[in-house]
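**Student:** To be precise about what I am sending: the file is called start.cif and holds mmCIF, C-alpha atoms.
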data_my_file
loop_
_atom_site.label_atom_id
_atom_site.label_comp_id
_atom_site.auth_asym_id
_atom_site.auth_seq_id
_atom_site.Cartn_x
_atom_site.Cartn_y
_atom_site.Cartn_z
CA MET K 1 -5.08 22.93 -11.31
CA ASP K 2 -2.09 20.63 -11.79
CA ASP K 3 -2.79 17.73 -14.14
CA LEU K 4 -1.45 15.21 -11.60
CA CYS K 5 -4.10 16.42 -9.14
CA ILE K 6 -6.84 15.96 -11.74
CA ILE K 7 -5.58 12.48 -12.64
CA ASN K 8 -5.37 11.44 -9.00
CA PHE K 9 -8.85 12.85 -8.35
CA LYS K 10 -10.31 10.81 -11.22
CA LEU K 11 -8.54 7.68 -9.93
CA LEU K 12 -9.89 8.31 -6.43
CA LEU K 13 -13.40 8.66 -7.83
CA SER K 14 -12.93 5.42 -9.76
CA ILE K 15 -11.92 3.62 -6.57
CA CYS K 16 -14.89 5.06 -4.69
CA TYR K 17 -17.25 3.92 -7.44
CA GLN K 18 -15.72 0.44 -7.26
CA MET K 19 -16.26 0.30 -3.51
CA VAL K 20 -19.98 0.98 -3.92
CA GLY K 21 -20.36 -1.36 -6.89
CA GLU K 22 -20.81 1.34 -9.54
CA TYR K 23 -18.50 -0.36 -12.03
CA ALA K 24 -19.62 1.54 -15.14
CA GLN K 25 -18.86 4.86 -13.45
CA SER K 26 -15.59 3.46 -12.12
CA ARG K 27 -14.55 2.37 -15.61
CA TYR K 28 -15.46 5.78 -17.02
CA MET K 29 -13.36 7.66 -14.44
CA SER K 30 -10.47 5.23 -14.89
CA GLN K 31 -10.57 5.69 -18.67
CA ARG K 32 -10.63 9.47 -18.28
CA ALA K 33 -7.59 9.35 -15.98
CA CYS K 34 -5.74 7.03 -18.36
CA ALA K 35 -6.49 9.31 -21.31
CA LEU K 36 -4.78 12.16 -19.46
CA ILE K 37 -1.80 10.02 -18.43
CA GLU K 38 -1.07 8.14 -21.64
CA PRO K 39 0.75 10.88 -23.55
CA LYS K 40 2.94 11.53 -20.50
CA SER K 41 3.49 7.99 -19.18
CA CYS K 42 7.16 7.86 -20.25
CA ILE K 43 7.98 10.95 -18.19
CA SER K 44 9.39 9.82 -14.84
CA ARG K 45 7.23 12.37 -12.99
CA TYR K 46 4.16 10.41 -14.18
CA ALA K 47 5.43 6.88 -13.44
CA GLN K 48 3.77 6.59 -10.02
CA VAL K 49 0.36 7.77 -11.21
CA THR K 50 0.62 5.61 -14.34
CA VAL K 51 1.22 2.56 -12.16
CA ALA K 52 -1.65 3.59 -9.87
CA ALA K 53 -3.98 3.92 -12.86
CA MET K 54 -3.04 0.50 -14.20
CA ILE K 55 -3.47 -1.10 -10.76
CA ASN K 56 -6.89 0.56 -10.60
CA GLN K 57 -7.73 -1.04 -13.95
CA LEU K 58 -6.52 -4.42 -12.65
CA THR K 59 -8.72 -4.13 -9.56
CA LEU K 60 -11.74 -3.15 -11.62
CA ASN K 61 -11.33 -5.92 -14.18
CA LEU K 62 -10.69 -8.53 -11.49
CA SER K 63 -13.94 -7.43 -9.80
CA LEU K 64 -15.74 -7.77 -13.13
CA ASN K 65 -14.32 -11.29 -13.58
CA LYS K 66 -12.41 -10.38 -16.74
CA PRO K 67 -9.26 -12.48 -16.35
CA ASP K 68 -8.04 -11.99 -19.94
CA THR K 69 -8.05 -8.23 -19.44
CA VAL K 70 -6.36 -8.59 -16.04
CA ILE K 71 -3.61 -10.69 -17.59
CA GLU K 72 -3.13 -8.36 -20.55
CA ILE K 73 -2.94 -5.23 -18.34
CA GLY K 74 -0.82 -7.06 -15.78
CA HIS K 75 1.83 -7.98 -18.34
CA ARG K 76 1.81 -4.45 -19.77
CA LEU K 77 2.22 -3.08 -16.27
CA GLU K 78 5.08 -5.44 -15.47
CA LYS K 79 6.95 -4.33 -18.63
CA TYR K 80 6.23 -0.68 -17.85
CA GLN K 81 7.51 -1.01 -14.29
CA TYR K 82 10.77 -2.57 -15.48
CA TYR K 83 11.13 -0.01 -18.28
CA MET K 84 10.58 2.93 -15.93
CA ASN K 85 12.52 1.29 -13.09
CA HIS K 86 9.48 1.81 -10.88
CA LEU K 87 9.45 -1.46 -8.97
CA GLU K 88 7.77 -0.38 -5.73
CA ASN K 89 4.41 -1.96 -6.57
CA MET K 90 5.63 -5.11 -8.32
CA HIS K 91 3.99 -7.27 -5.66
CA GLN K 92 0.61 -5.89 -6.71
CA THR K 93 1.30 -6.64 -10.36
CA PHE K 94 2.35 -10.18 -9.43
CA PHE K 95 -0.73 -10.66 -7.23
CA TYR K 96 -3.15 -9.52 -9.93
CA LEU K 97 -1.46 -11.73 -12.53
CA ALA K 98 -1.81 -14.67 -10.13
CA CYS K 99 -5.52 -13.85 -9.72
CA GLY K 100 -6.07 -13.49 -13.46
CA TYR K 101 -4.46 -16.81 -14.25
CA TYR K 102 -6.30 -18.46 -11.35
CA GLN K 103 -9.64 -17.18 -12.67
CA LYS K 104 -8.74 -18.75 -16.02
CA LYS K 105 -7.96 -22.03 -14.19
CA ASN K 106 -4.32 -21.84 -15.30
CA ILE K 107 -3.00 -23.03 -11.95
CA GLN K 108 0.60 -23.55 -13.12
CA GLU K 109 0.95 -19.93 -14.24
CA SER K 110 -0.98 -18.65 -11.21
CA GLN K 111 1.41 -20.45 -8.85
CA GLN K 112 4.43 -18.81 -10.44
CA TRP K 113 2.98 -15.33 -10.01
CA ILE K 114 1.81 -15.78 -6.41
CA ILE K 115 5.24 -17.15 -5.48
CA LYS K 116 6.83 -14.02 -6.98
CA ALA K 117 4.37 -11.84 -5.02
CA ILE K 118 5.09 -13.65 -1.75
CA ASN K 119 8.86 -13.50 -2.23
CA PHE K 120 8.69 -9.79 -3.03
CA LEU K 121 6.60 -9.18 0.10
CA LEU K 122 9.06 -11.12 2.24
CA ILE K 123 11.87 -8.83 1.08
CA PHE K 124 9.93 -5.57 0.97
CA PRO K 125 7.18 -5.37 3.61
CA PHE K 126 3.84 -3.88 2.59
CA PRO K 127 1.43 -4.84 5.42
CA ASN K 128 -1.32 -2.50 4.23
CA ASP K 129 -1.32 -4.08 0.79
CA VAL K 130 -1.39 -7.58 2.27
CA HIS K 131 -4.37 -6.53 4.36
CA PHE K 132 -6.24 -5.62 1.16
CA PHE K 133 -5.04 -8.73 -0.68
CA ARG K 134 -6.59 -10.81 2.10
CA MET K 135 -9.94 -9.19 1.40
CA ASN K 136 -9.87 -10.76 -2.06
CA PRO K 137 -11.77 -14.08 -2.04
CA LEU K 138 -8.99 -15.70 -4.12
CA PHE K 139 -6.24 -14.95 -1.61
CA ASN K 140 -6.49 -18.10 0.53
CA SER K 141 -6.73 -20.31 -2.53
CA LEU K 142 -3.63 -18.68 -4.00
CA ILE K 143 -1.38 -19.03 -0.96
CA ASN K 144 -2.46 -22.65 -0.60
CA LEU K 145 -1.60 -23.67 -4.16
CA PRO K 146 0.60 -26.80 -4.34
CA GLN K 147 3.83 -25.10 -5.48
CA VAL K 148 3.68 -22.61 -2.62
CA THR K 149 5.85 -24.55 -0.20
CA ASP K 150 4.95 -24.87 3.46
CA GLU K 151 8.17 -23.04 4.31
CA LEU K 152 7.33 -20.10 2.03
CA ARG K 153 3.74 -19.94 3.31
CA ASP K 154 4.92 -20.14 6.95
CA ASP K 155 7.47 -17.37 6.41
CA PHE K 156 4.77 -15.22 4.83
CA LEU K 157 2.27 -15.88 7.62
CA LYS K 158 4.93 -15.20 10.23
CA MET K 159 5.65 -11.83 8.67
CA TYR K 160 1.96 -11.08 8.03
CA PRO K 161 -0.01 -12.86 10.76
CA LEU K 162 -3.74 -13.16 10.19
CA SER K 163 -4.54 -11.43 13.46
CA SER K 164 -2.14 -8.51 12.93
CA ASN K 165 -3.46 -5.01 12.83
CA VAL K 166 -2.60 -2.95 9.80
CA LYS K 167 0.03 -0.38 10.61
CA CYS K 168 0.48 2.80 8.64
CA ASN K 169 3.84 3.19 6.95
CA LYS K 170 5.60 6.28 8.21
CA SER K 171 7.40 8.19 5.47
#
Turn the structure described in the file into structure tokens.
**Tutor:**
Amino acid sequence: MDDLCIINFKLLLSICYQMVGEYAQSRYMSQRACALIEPKSCISRYAQVTVAAMINQLTLNLSLNKPDTVIEIGHRLEKYQYYMNHLENMHQTFFYLACGYYQKKNIQESQQWIIKAINFLLIFPFPNDVHFFRMNPLFNSLINLPQVTDELRDDFLKMYPLSSNVKCNKS
């Protein structure tokens, strides 16, 4: 079986464990996937799955209320995405950094990251991701932070209305 399939399978299991609250199992599967990816992460073929694994780790650590880990992984992920020129999921990196800083009560830093996430999402639409961001209890607090201007918030809410149905991206 192709190693990318095995890695993706382990990441999928990790996500499933997160969804049912089995965080220890989720962490174990995530660590196993990362162990397989790490030696190959600088190969462009593995960039997408490397980013997916790190986003999985961000989601898990945010759920476990570990903001220091979220921030550390978030900054590593941001550097990796720039290094590999894999910018497709930058909005997720920005969002998780905003959440991590918000959990640490560093509002100034949190505001900067959520503004980057919003601006990215205004340029590159990802309605499915926004749908899942809204499920995060921190979301409303983040978009209502003082430095998020009314104009920026209105543009975001116009593009991603609260009542909109999630549409699948057709590739």
**Student:** Which one is closest to Leu142 (chain K): K:Leu12, K:Glu109, K:Phe124, K:Tyr102? Count all atoms listed in the file.
**Tutor:**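 Using all atoms listed in the file, Leu142 (chain K) sits closest to K:Tyr102.
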**Student:** Can you tell me how far CA of Val130 (chain K) sits from CA of Ser110 (chain K), in Å to one decimal?
**Tutor:**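 That distance, rounded to one decimal, is 17.4 Å.
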**Student:** Counting all atoms listed in the file, which of K:Met159, K:Met29, K:Ile7, K:Met84 gets nearest to Pro127 (chain K)?
**Tutor:**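 Once distances to Pro127 (chain K) are computed over all atoms listed in the file, the minimum belongs to K:Met159.
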**Student:** Would you mind telling me which residue in K:Lys10, K:Lys158, K:Lys116, K:His131 lies nearest to Cys34 (chain K) when using only C-alpha atoms?
**Tutor:**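 Counting only C-alpha atoms, the residue closest to Cys34 (chain K) is K:Lys10.
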**Student:** Counting all atoms listed in the file, what is within 12 Å of region 20-24 of chain K, bar same-chain residues fewer than 3 positions away, as a PyMOL selection string?
**Tutor:** chain K and resi 13-17+27-31+56-57+59-65
**Student:** Report as a list in words all protein, DNA and RNA residues lying within 8 Å of region 91-94 of chain K, evaluated on all atoms listed in the file, omitting residues in the same chain fewer than 4 positions from it.
**Tutor:** Ile55, Gly74, Leu77, Glu78, Ala98, Trp113, Ile114, Lys116, Ala117, Ile118, Phe120, Leu121 and Asp129 of chain K
**Student:** Rounded to one decimal place, report the CA of Tyr80 (chain K)-CA of Asp3 (chain K) distance in Å.
**Tutor:**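 Atom-to-atom, CA of Tyr80 (chain K) and CA of Asp3 (chain K) are spaced 20.8 Å apart.
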**Student:** How many Å lie between CA of Lys66 (chain K) and CA of Met135 (chain K), rounded to one decimal?
**Tutor:**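 Distance reported for this atom pair: 18.3 Å.
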**Student:** Nearest to Pro67 (chain K): which of K:Asn106, K:Thr50, K:Asn85, K:Asn119 is it, counting all atoms listed in the file?
**Tutor:**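 Among the listed residues, K:Asn106 lies closest to Pro67 (chain K).
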**Student:** Which one of K:Val70, K:Leu122, K:Ala33, K:Val49 sits closest to Asp155 (chain K) if you count only C-alpha atoms?
**Tutor:**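 Nearest candidate to Asp155 (chain K) out of K:Val70, K:Leu122, K:Ala33, K:Val49: K:Leu122.
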**Student:** Select, from K:Gln81, K:Gln18, K:Thr69, K:Asn89, the residue with the minimum atom-to-atom distance to Tyr101 (chain K), counting only C-alpha atoms.
**Tutor:**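 Using only C-alpha atoms, Tyr101 (chain K) sits closest to K:Thr69.
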**Student:** What lies within 10 Å of Leu145 (chain K) using only C-alpha atoms, ignoring chain neighbours under 4 positions off, as a list in words?
**Tutor:**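 Once the nearby chain positions are removed, what remains is Ile107, Gln108, Ser110, Gln111, Gln112, Ile114, Ile115, Asn140, Ser141, Thr149 and Arg153 of chain K.
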**Student:** Around all the atoms of region 125-134 of chain K listed in the file, draw an axis-aligned box and extend it by 3 Å on each of the six sides; I want its centre and edge lengths in Å to one decimal, as JSON.
**Tutor:**
{"center_x": 0.3, "center_y": -6.7, "center_z": 2.4, "size_x": 19.8, "size_y": 14.3, "size_z": 12.1}
